[in-house]
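Data first, discussion second: the structure below is written as structure tokens.
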Amino acid sequence: MRAGRMLPVGLISAAVLGYELLLMRLFSIVQWHHFAYMIISIALLGFGASGTFIALAQRWLVERYPAAFAASAALFGMTAVASFAIAERLPFNALEIIWDPRQLGWLAANYALLILPFFFGATCVGLAFCRHPGQIGRVYAFDLAGAGIGALGVVGLLFMVFPSTALRFVAALAFAAAAFAAFGMVRHRWLAAGGLGLAAAFVAVSLPPSWVAPEPHMSQYKGLRIALEVPNARVIEERSSPLGLLTVVESPTIPFRHAPGLSLANTQEPPAQLAVFTDGDSIAAITAYGGDPAKVAYLDRTTAALPYRILERPRVLILGAGGGEQVLLALRAGADTVDAVEVNPQMIDLARNRFNDFAGGIFSRPNLRLHLAEARAFAATAGERYDLIQMPLLDSFSAAAAGVQSLHENYTYTVEAMRDYLAILGPDGVVAITRWLRVPPRDSLKLFATAIAALEAEGVAEPDRHLALIRSWNTATLLVAKSPFKGEDIAAIRSFAAENFFDISWVPGISASDVNHFNQLDQEYLYEGALALLGPERADFIERYKFAIAPATDNRPYFFDFFRWRALPELLALRTQGGAAMLDWSYLILVTTLVQAAILSAVLILLPLWIRRDALGKALHRLRFGLYFFALGLAFLFIEIAFIQRFVLFLGHPFYAVAVVLAGFLAFAGLGSAVAARWAAAVGRGSAVRGIALAVGVIAVLAATYLLALPSVFERLLAFPDAAKIAIALLLIAPLALFMGMPFPLGLGHVGARSETFIPWAWGINGCASVLSAILATLLAMHVGFSGVVMIAVVLYLVAPALLANRLTIRTMIPFRS
């Protein structure tokens, strides 16, 4: 089989993975980041359904292979654009899913629409398996290699065009795949020429000037949509990259006044501001600054200004420069030097170049250094000591209040992160973190518990003397000090709070009479919670609290996950009184999608399998073989999803992690598939089952090694530039992925030699398991951590070979293993 015949497989696989990543990016804009795992589930459901379809019409399709492949690829290209265009206009609102059952129907409609492109794309690959049963390893290799190239290619593409425009490039790839497949139809070569022409047309309409395409219809609950409802508000600049869609909004009629935690005692009107929304929600402000510090005196009356009352001319590190609000505060407070860190280069370009005059050139000051880096990576590798590490509030209140971030892996607020911050403080240095205040509190108490755990891990015997917590009507600011607060520090904190009508929730020496004076609550939750967290009954308090507030760790970096099942009935009962706002609904969305995915998988994949069970041979073999491919589907995705989540810390952004890890696993698993037959012949003595058993043994050893070694490897390499870290990530993934690519083709060849009719069913069953595992891996990671998910996957891999082995095979394997 010539390599040219495999080119359409590689092209369509690149298009499918590119489309999958684009949907993640687009749904981050239309909805929120956590829908990424729903997209993975939808993609794999399409793969599973395609296996069922091929099994039902296998003979007819294989006889017409070039036409069937070309038609499926062309249909992918058409539906890739059309399905999303329709889906984004559906009246689906995830925020209403708790109390409006109709939203479950709209969620299912999203599945039904978006599954179509993946169904047609997977049909192409499944047909290639059936058409070339003796070359399964090679087909699988082109499939995975193409997918890996597509994943990395989309990252580069998104630096050049908007996500909605990139959809056309993906469609063009699919039409090109259809065209090359059509060359196999001697009588219909004109179809091939037409396919190539259609691909060229799709690319042509995507090039400038039309590449600045309108972005998708986003949720009406996102901050950008709300801001644009203001009369005369308008978008004056828009930038897009894999890290986010930045939208700059001007509102001359009703000016923006973004100053989180501003005191009710403030009397100064803030200057004009431009609002910068990231993916339509998280907001940063670029403030008009003419160089007169008095014009921004209102910043002194925010909770974030607290550390400047106890530090004189500090060396400041700002982790999250945004539009420069905290930079302005530091400069006004007389900071000696300021290091400002920002992860998005386009945000830096907006603040330092495009709107430099508007911002008063603050990023060009001689005592300010602006760094393009991820906050945690910069902190872990900083070469100097700071008096203050300031962590501004950059996410939106609406996102925090709605619980949309609970599935977001966030390594900024873990115990390990806090220890990194403490390590680069000077002797009297302070970490200051501001969060939105929610009642009953979640973020603030979890952050307080995390700080206590970090201080104790650093050997601090009395963490209560190192902590201070104040609150306004909508924010809370926590100070974590390297050394115990002195008497004059405590006096300054009390004075600052009194002047600005802020309430003190914790400071060394506090008593019940000191709390709840200004922004009064029915109950002083923060003070009572701080007292309990610092007391001997801490573990009991964390366990009994209505929300999950145990400290986040790098193994379970879900700082914003506060969901507890036992609180659900009470919160649902209170939903008409505002209780629904206290639900972390994105967790429930994930559970809902898992249930829907399970139902759809059963209907589209397992039900047809059961109906056609008589055609698949003996029941015992059918069950064992089915369980084998089901176990592989779970195990492969468990490791892949766990690595995606784990590499977020190393690569600095969830989208980078998804693209690079997917590309690495798919490309190197494809290579493993290509050499699987040689592995079985050379090492497995010609036995596919023995070759699988040895491969999973290597997988188990490598996975265990990575669990132990990755944290220290990441710690040493975090300071490397992005390009180097991407290369390192791929090298780290390569050995594990190489062996993970072997069990599926070896198992498929083993089963196909006994019954070719089982090949599409194996493809479908594997897809069904993958559908579930994409969501289940995230849920498990939230409860047992990444290490737990990987260990479950290792057990599944180790069990799998026994499902293929008959008694004779097992006997012959035992002496070889020993």
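How things are named: the first chain in the structure tokens is A, the next is B, and so on; residues count from 1 in each chain; ligands count from 1 in the order shown.
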_With only C-alpha atoms as the counted atoms, please give the residues lying no more than 12 Å from Gly686 in chain A, apart from itself and same-chain residues fewer than 2 positions off, as a PyMOL selection string._
chain A and resi 676-684+688-692+746+750+809+813
Go ahead and save the residues from that selection, with C-alpha atoms, as a PDB file, in the first residue's frame.
```
ATOM      1  CA  ALA A 676       3.435  -2.315  16.846  1.00  0.00           C
ATOM      2  CA  ALA A 677       3.605  -5.292  14.498  1.00  0.00           C
ATOM      3  CA  ARG A 678       7.410  -5.264  14.602  1.00  0.00           C
ATOM      4  CA  TRP A 679       7.285  -5.009  18.393  1.00  0.00           C
ATOM      5  CA  ALA A 680       5.014  -8.065  18.592  1.00  0.00           C
ATOM      6  CA  ALA A 681       7.219 -10.000  16.175  1.00  0.00           C
ATOM      7  CA  ALA A 682      10.533  -9.150  17.787  1.00  0.00           C
ATOM      8  CA  VAL A 683       9.724  -8.894  21.486  1.00  0.00           C
ATOM      9  CA  GLY A 684       6.432 -10.754  21.686  1.00  0.00           C
ATOM     10  CA  ALA A 688      -0.034 -10.092  19.584  1.00  0.00           C
ATOM     11  CA  VAL A 689      -1.288 -10.793  23.106  1.00  0.00           C
ATOM     12  CA  ARG A 690       2.244 -11.201  24.458  1.00  0.00           C
ATOM     13  CA  GLY A 691       3.290  -8.013  22.676  1.00  0.00           C
ATOM     14  CA  ILE A 692       0.342  -6.177  24.263  1.00  0.00           C
ATOM     15  CA  LEU A 746      -2.385  -5.138  18.009  1.00  0.00           C
ATOM     16  CA  HIS A 750      -5.770 -10.062  16.787  1.00  0.00           C
ATOM     17  CA  THR A 809      -1.990 -18.097  25.380  1.00  0.00           C
ATOM     18  CA  MET A 813       2.949 -16.165  28.454  1.00  0.00           C
TER      19      MET A 813
END
```
Can you pull out the residues contacting Arg435 in chain A? Cut-off 8 Å, using only C-alpha atoms, and skip same-chain residues under 5 positions away; I want them as a short mmCIF file (atom, residue, chain, number, x, y, z; two decimals) with N, CA and C atoms, in the first residue's frame.
```cif
data_model
loop_
_atom_site.label_atom_id
_atom_site.label_comp_id
_atom_site.auth_asym_id
_atom_site.auth_seq_id
_atom_site.Cartn_x
_atom_site.Cartn_y
_atom_site.Cartn_z
N LEU A 393 -7.27 41.16 41.04
CA LEU A 393 -8.52 40.49 40.73
C LEU A 393 -8.82 40.72 39.25
N ASP A 443 -14.39 31.34 48.20
CA ASP A 443 -13.03 31.68 47.77
C ASP A 443 -12.15 32.09 48.94
N SER A 444 -12.68 33.02 49.75
CA SER A 444 -11.86 33.62 50.80
C SER A 444 -11.44 32.60 51.84
N THR A 475 -15.35 42.66 47.88
CA THR A 475 -14.06 41.97 47.75
C THR A 475 -13.49 41.66 49.12
N ALA A 476 -12.54 40.75 49.12
CA ALA A 476 -11.78 40.44 50.34
C ALA A 476 -10.31 40.36 49.95
N THR A 477 -9.43 40.94 50.77
CA THR A 477 -7.99 40.92 50.51
C THR A 477 -7.29 40.21 51.66
#
```
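Proximity to Ala373 in chain A was assessed for A:Ala737, A:Leu21, A:Val343, A:Leu329 counting only C-alpha atoms; the smallest distance is recorded for A:Val343.
The protein and nucleic acid residues lying at most 8 Å from Ala122 in chain A are A:Gly46, A:Phe47, A:Ser50, A:Gly51, A:Phe118, A:Gly126, with only C-alpha atoms considered and sequence neighbours fewer than 4 positions away removed.
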_Polymer residues at most 9 Å from range 708-718 of chain A, only C-alpha atoms, same-chain spacing of 6 or more positions, as a list in words_ = Arg376, Ala377, Phe378, Ala380, Thr381, Asp554, Arg646, Phe647, Leu649, Phe650, Leu651, Lys725 and Ile728 of chain A
Now that the selection is made, can you save its residues with N, CA, C and O atoms as a PDB file, in the first residue's frame?
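New file result-v8.pdb:
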```pdb
ATOM      1  N   ARG A 376       2.895  31.782  37.751  1.00  0.00           N
ATOM      2  CA  ARG A 376       3.511  30.757  38.592  1.00  0.00           C
ATOM      3  C   ARG A 376       4.927  30.446  38.118  1.00  0.00           C
ATOM      4  O   ARG A 376       5.849  30.284  38.941  1.00  0.00           O
ATOM      5  N   ALA A 377       5.117  30.393  36.804  1.00  0.00           N
ATOM      6  CA  ALA A 377       6.452  30.104  36.268  1.00  0.00           C
ATOM      7  C   ALA A 377       7.426  31.211  36.630  1.00  0.00           C
ATOM      8  O   ALA A 377       8.576  30.944  37.006  1.00  0.00           O
ATOM      9  N   PHE A 378       6.983  32.457  36.545  1.00  0.00           N
ATOM     10  CA  PHE A 378       7.869  33.573  36.879  1.00  0.00           C
ATOM     11  C   PHE A 378       8.233  33.532  38.361  1.00  0.00           C
ATOM     12  O   PHE A 378       9.398  33.715  38.736  1.00  0.00           O
ATOM     13  N   ALA A 380       8.303  31.003  40.351  1.00  0.00           N
ATOM     14  CA  ALA A 380       9.133  29.845  40.700  1.00  0.00           C
ATOM     15  C   ALA A 380      10.580  30.013  40.273  1.00  0.00           C
ATOM     16  O   ALA A 380      11.466  29.306  40.770  1.00  0.00           O
ATOM     17  N   THR A 381      10.835  30.958  39.358  1.00  0.00           N
ATOM     18  CA  THR A 381      12.189  31.093  38.826  1.00  0.00           C
ATOM     19  C   THR A 381      12.757  32.497  39.001  1.00  0.00           C
ATOM     20  O   THR A 381      13.793  32.815  38.405  1.00  0.00           O
ATOM     21  N   ASP A 554      -1.322  21.092  43.661  1.00  0.00           N
ATOM     22  CA  ASP A 554      -0.970  20.894  42.256  1.00  0.00           C
ATOM     23  C   ASP A 554      -1.533  19.582  41.715  1.00  0.00           C
ATOM     24  O   ASP A 554      -1.720  19.439  40.506  1.00  0.00           O
ATOM     25  N   ARG A 646      -2.359  18.270  33.890  1.00  0.00           N
ATOM     26  CA  ARG A 646      -1.084  18.418  34.594  1.00  0.00           C
ATOM     27  C   ARG A 646      -0.161  19.389  33.866  1.00  0.00           C
ATOM     28  O   ARG A 646       0.587  20.147  34.498  1.00  0.00           O
ATOM     29  N   PHE A 647      -0.218  19.383  32.530  1.00  0.00           N
ATOM     30  CA  PHE A 647       0.684  20.232  31.752  1.00  0.00           C
ATOM     31  C   PHE A 647       0.206  21.677  31.656  1.00  0.00           C
ATOM     32  O   PHE A 647       0.909  22.508  31.088  1.00  0.00           O
ATOM     33  N   LEU A 649       0.086  23.668  34.105  1.00  0.00           N
ATOM     34  CA  LEU A 649       1.079  24.380  34.915  1.00  0.00           C
ATOM     35  C   LEU A 649       2.348  24.628  34.117  1.00  0.00           C
ATOM     36  O   LEU A 649       2.884  25.739  34.107  1.00  0.00           O
ATOM     37  N   PHE A 650       2.817  23.629  33.402  1.00  0.00           N
ATOM     38  CA  PHE A 650       4.091  23.738  32.698  1.00  0.00           C
ATOM     39  C   PHE A 650       3.994  24.642  31.467  1.00  0.00           C
ATOM     40  O   PHE A 650       4.883  25.452  31.207  1.00  0.00           O
ATOM     41  N   LEU A 651       2.903  24.514  30.722  1.00  0.00           N
ATOM     42  CA  LEU A 651       2.767  25.258  29.471  1.00  0.00           C
ATOM     43  C   LEU A 651       2.074  26.599  29.650  1.00  0.00           C
ATOM     44  O   LEU A 651       2.071  27.425  28.728  1.00  0.00           O
ATOM     45  N   LYS A 725       9.554  24.908  25.991  1.00  0.00           N
ATOM     46  CA  LYS A 725       8.690  24.098  26.852  1.00  0.00           C
ATOM     47  C   LYS A 725       7.779  23.194  26.022  1.00  0.00           C
ATOM     48  O   LYS A 725       7.487  22.061  26.431  1.00  0.00           O
ATOM     49  N   ILE A 728      10.000  20.343  25.014  1.00  0.00           N
ATOM     50  CA  ILE A 728      10.252  19.476  26.174  1.00  0.00           C
ATOM     51  C   ILE A 728       9.017  18.642  26.489  1.00  0.00           C
ATOM     52  O   ILE A 728       9.111  17.442  26.787  1.00  0.00           O
TER      53      ILE A 728
END
```
*Could you pull out the helix (DSSP H, G or I) residues of range 381-485 of chain A from DSSP and send them as a ChimeraX atom specification?*
/A:381,397-402,415-423,443-457,463-466
_Shell around Gly320 in chain A at 8 Å using only C-alpha atoms, local window under 3 positions removed, as a VMD selection string_ = chain A and resid 340 to 343 375 391 to 392 394
With N, CA and C atoms kept, could you save the residues just selected as an mmCIF file, in the first residue's frame?
```cif
data_model
loop_
_atom_site.group_PDB
_atom_site.id
_atom_site.type_symbol
_atom_site.label_atom_id
_atom_site.label_comp_id
_atom_site.auth_asym_id
_atom_site.auth_seq_id
_atom_site.Cartn_x
_atom_site.Cartn_y
_atom_site.Cartn_z
ATOM 1 N N ALA A 340 6.003 43.653 36.560
ATOM 2 C CA ALA A 340 4.629 43.280 36.213
ATOM 3 C C ALA A 340 4.664 42.115 35.234
ATOM 4 N N VAL A 341 3.926 41.071 35.549
ATOM 5 C CA VAL A 341 3.927 39.846 34.754
ATOM 6 C C VAL A 341 2.576 39.696 34.063
ATOM 7 N N GLU A 342 2.597 39.415 32.770
ATOM 8 C CA GLU A 342 1.362 39.198 32.007
ATOM 9 C C GLU A 342 1.585 38.042 31.043
ATOM 10 N N VAL A 343 0.617 37.127 30.966
ATOM 11 C CA VAL A 343 0.779 35.918 30.172
ATOM 12 C C VAL A 343 0.402 36.129 28.708
ATOM 13 N N ALA A 375 2.344 33.540 35.527
ATOM 14 C CA ALA A 375 2.615 34.027 36.886
ATOM 15 C C ALA A 375 3.363 33.007 37.730
ATOM 16 N N MET A 391 -1.407 40.090 43.822
ATOM 17 C CA MET A 391 -2.167 39.259 42.892
ATOM 18 C C MET A 391 -3.523 39.900 42.687
ATOM 19 N N PRO A 392 -3.688 40.650 41.597
ATOM 20 C CA PRO A 392 -4.919 41.412 41.374
ATOM 21 C C PRO A 392 -6.114 40.523 41.066
ATOM 22 N N LEU A 394 -8.615 39.696 38.424
ATOM 23 C CA LEU A 394 -8.762 39.861 36.981
ATOM 24 C C LEU A 394 -9.982 39.139 36.420
#
```
Within 8 Å of range 146-148 of chain A, counting only C-alpha atoms, which residues qualify if same-chain residues fewer than 5 places away don't, as an mmCIF file with N, CA, C and O atoms, in the first residue's frame?
```cif
data_model
loop_
_atom_site.group_PDB
_atom_site.id
_atom_site.type_symbol
_atom_site.label_atom_id
_atom_site.label_comp_id
_atom_site.auth_asym_id
_atom_site.auth_seq_id
_atom_site.Cartn_x
_atom_site.Cartn_y
_atom_site.Cartn_z
ATOM 1 N N VAL A 9 -6.255 10.005 4.746
ATOM 2 C CA VAL A 9 -6.488 9.687 6.158
ATOM 3 C C VAL A 9 -5.810 10.722 7.050
ATOM 4 O O VAL A 9 -6.393 11.231 8.015
ATOM 5 N N GLY A 10 -4.556 11.042 6.733
ATOM 6 C CA GLY A 10 -3.853 12.052 7.520
ATOM 7 C C GLY A 10 -4.512 13.416 7.447
ATOM 8 O O GLY A 10 -4.625 14.127 8.447
ATOM 9 N N LEU A 11 -4.981 13.801 6.254
ATOM 10 C CA LEU A 11 -5.612 15.113 6.086
ATOM 11 C C LEU A 11 -6.915 15.215 6.874
ATOM 12 O O LEU A 11 -7.173 16.214 7.546
ATOM 13 N N ILE A 12 -7.750 14.185 6.759
ATOM 14 C CA ILE A 12 -9.042 14.257 7.457
ATOM 15 C C ILE A 12 -8.836 14.202 8.972
ATOM 16 O O ILE A 12 -9.547 14.865 9.737
ATOM 17 N N SER A 13 -7.833 13.452 9.428
ATOM 18 C CA SER A 13 -7.558 13.400 10.868
ATOM 19 C C SER A 13 -7.063 14.751 11.371
ATOM 20 O O SER A 13 -7.438 15.190 12.456
ATOM 21 N N ALA A 14 -6.227 15.417 10.572
ATOM 22 C CA ALA A 14 -5.775 16.761 10.943
ATOM 23 C C ALA A 14 -6.954 17.718 11.016
ATOM 24 O O ALA A 14 -7.049 18.558 11.926
ATOM 25 N N ALA A 15 -7.883 17.601 10.070
ATOM 26 C CA ALA A 15 -9.060 18.470 10.074
ATOM 27 C C ALA A 15 -9.934 18.206 11.296
ATOM 28 O O ALA A 15 -10.431 19.148 11.926
ATOM 29 N N VAL A 16 -10.126 16.937 11.641
ATOM 30 C CA VAL A 16 -10.993 16.597 12.775
ATOM 31 C C VAL A 16 -10.413 17.122 14.090
ATOM 32 O O VAL A 16 -11.125 17.731 14.891
ATOM 33 N N LEU A 17 -9.108 16.910 14.316
ATOM 34 C CA LEU A 17 -8.515 17.401 15.564
ATOM 35 C C LEU A 17 -8.453 18.912 15.581
ATOM 36 O O LEU A 17 -8.652 19.551 16.619
ATOM 37 N N GLY A 18 -8.174 19.524 14.415
ATOM 38 C CA GLY A 18 -8.195 20.972 14.358
ATOM 39 C C GLY A 18 -9.566 21.511 14.694
ATOM 40 O O GLY A 18 -9.712 22.503 15.432
ATOM 41 N N LEU A 662 -2.428 16.764 23.274
ATOM 42 C CA LEU A 662 -3.124 15.972 22.263
ATOM 43 C C LEU A 662 -2.203 15.655 21.085
ATOM 44 O O LEU A 662 -2.149 14.514 20.612
ATOM 45 N N ALA A 663 -1.500 16.674 20.605
ATOM 46 C CA ALA A 663 -0.594 16.457 19.475
ATOM 47 C C ALA A 663 0.464 15.427 19.825
ATOM 48 O O ALA A 663 0.759 14.515 19.029
ATOM 49 N N GLY A 664 1.064 15.545 21.005
ATOM 50 C CA GLY A 664 2.107 14.614 21.408
ATOM 51 C C GLY A 664 1.597 13.189 21.530
ATOM 52 O O GLY A 664 2.210 12.248 20.984
ATOM 53 N N PHE A 665 0.482 13.016 22.224
ATOM 54 C CA PHE A 665 -0.044 11.668 22.411
ATOM 55 C C PHE A 665 -0.478 11.054 21.087
ATOM 56 O O PHE A 665 -0.230 9.874 20.821
ATOM 57 N N LEU A 666 -1.133 11.848 20.245
ATOM 58 C CA LEU A 666 -1.619 11.289 18.988
ATOM 59 C C LEU A 666 -0.482 10.982 18.023
ATOM 60 O O LEU A 666 -0.455 9.910 17.392
ATOM 61 N N ALA A 667 0.454 11.911 17.891
ATOM 62 C CA ALA A 667 1.547 11.694 16.943
ATOM 63 C C ALA A 667 2.417 10.516 17.363
ATOM 64 O O ALA A 667 2.738 9.635 16.536
#
```
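For the choices A:Phe277, A:Trp565, A:Phe559, A:Phe180, the atom-to-atom distance to Gly223 in chain A is smallest for A:Phe277 when using only C-alpha atoms.
Of the listed residues (A:Ala82, A:Val170, A:Val155, A:Leu370), A:Val155 comes nearest to Pro654 in chain A; the distances count only C-alpha atoms.
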*Identify, on the basis of only C-alpha atoms, every residue whose closest approach to Gly290 in chain A does not exceed 9 Å; exclude the query and any residue fewer than 2 positions from it along the same chain; express the result as a VMD selection string.*
chain A and resid 288 292 to 293 295 357 to 361
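Of the residues listed (A:Gly670, A:Val230, A:Pro101, A:Thr412), A:Val230 shows the shortest atom-to-atom separation from Phe256 in chain A; distances use only C-alpha atoms.
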*Using only C-alpha atoms: which of A:Gly383, A:Pro117, A:Gly137, A:Pro252 has the shortest distance to Gly672 in chain A*: A:Gly137
*asked:* Taking only range 150-348 of chain A into account, list the residues labelled strand (DSSP E or B) by DSSP (computed from the backbone), as a ChimeraX atom specification.
replied: /A:234-241,244-250,262,273-278,282-287,302,315-319,337-342
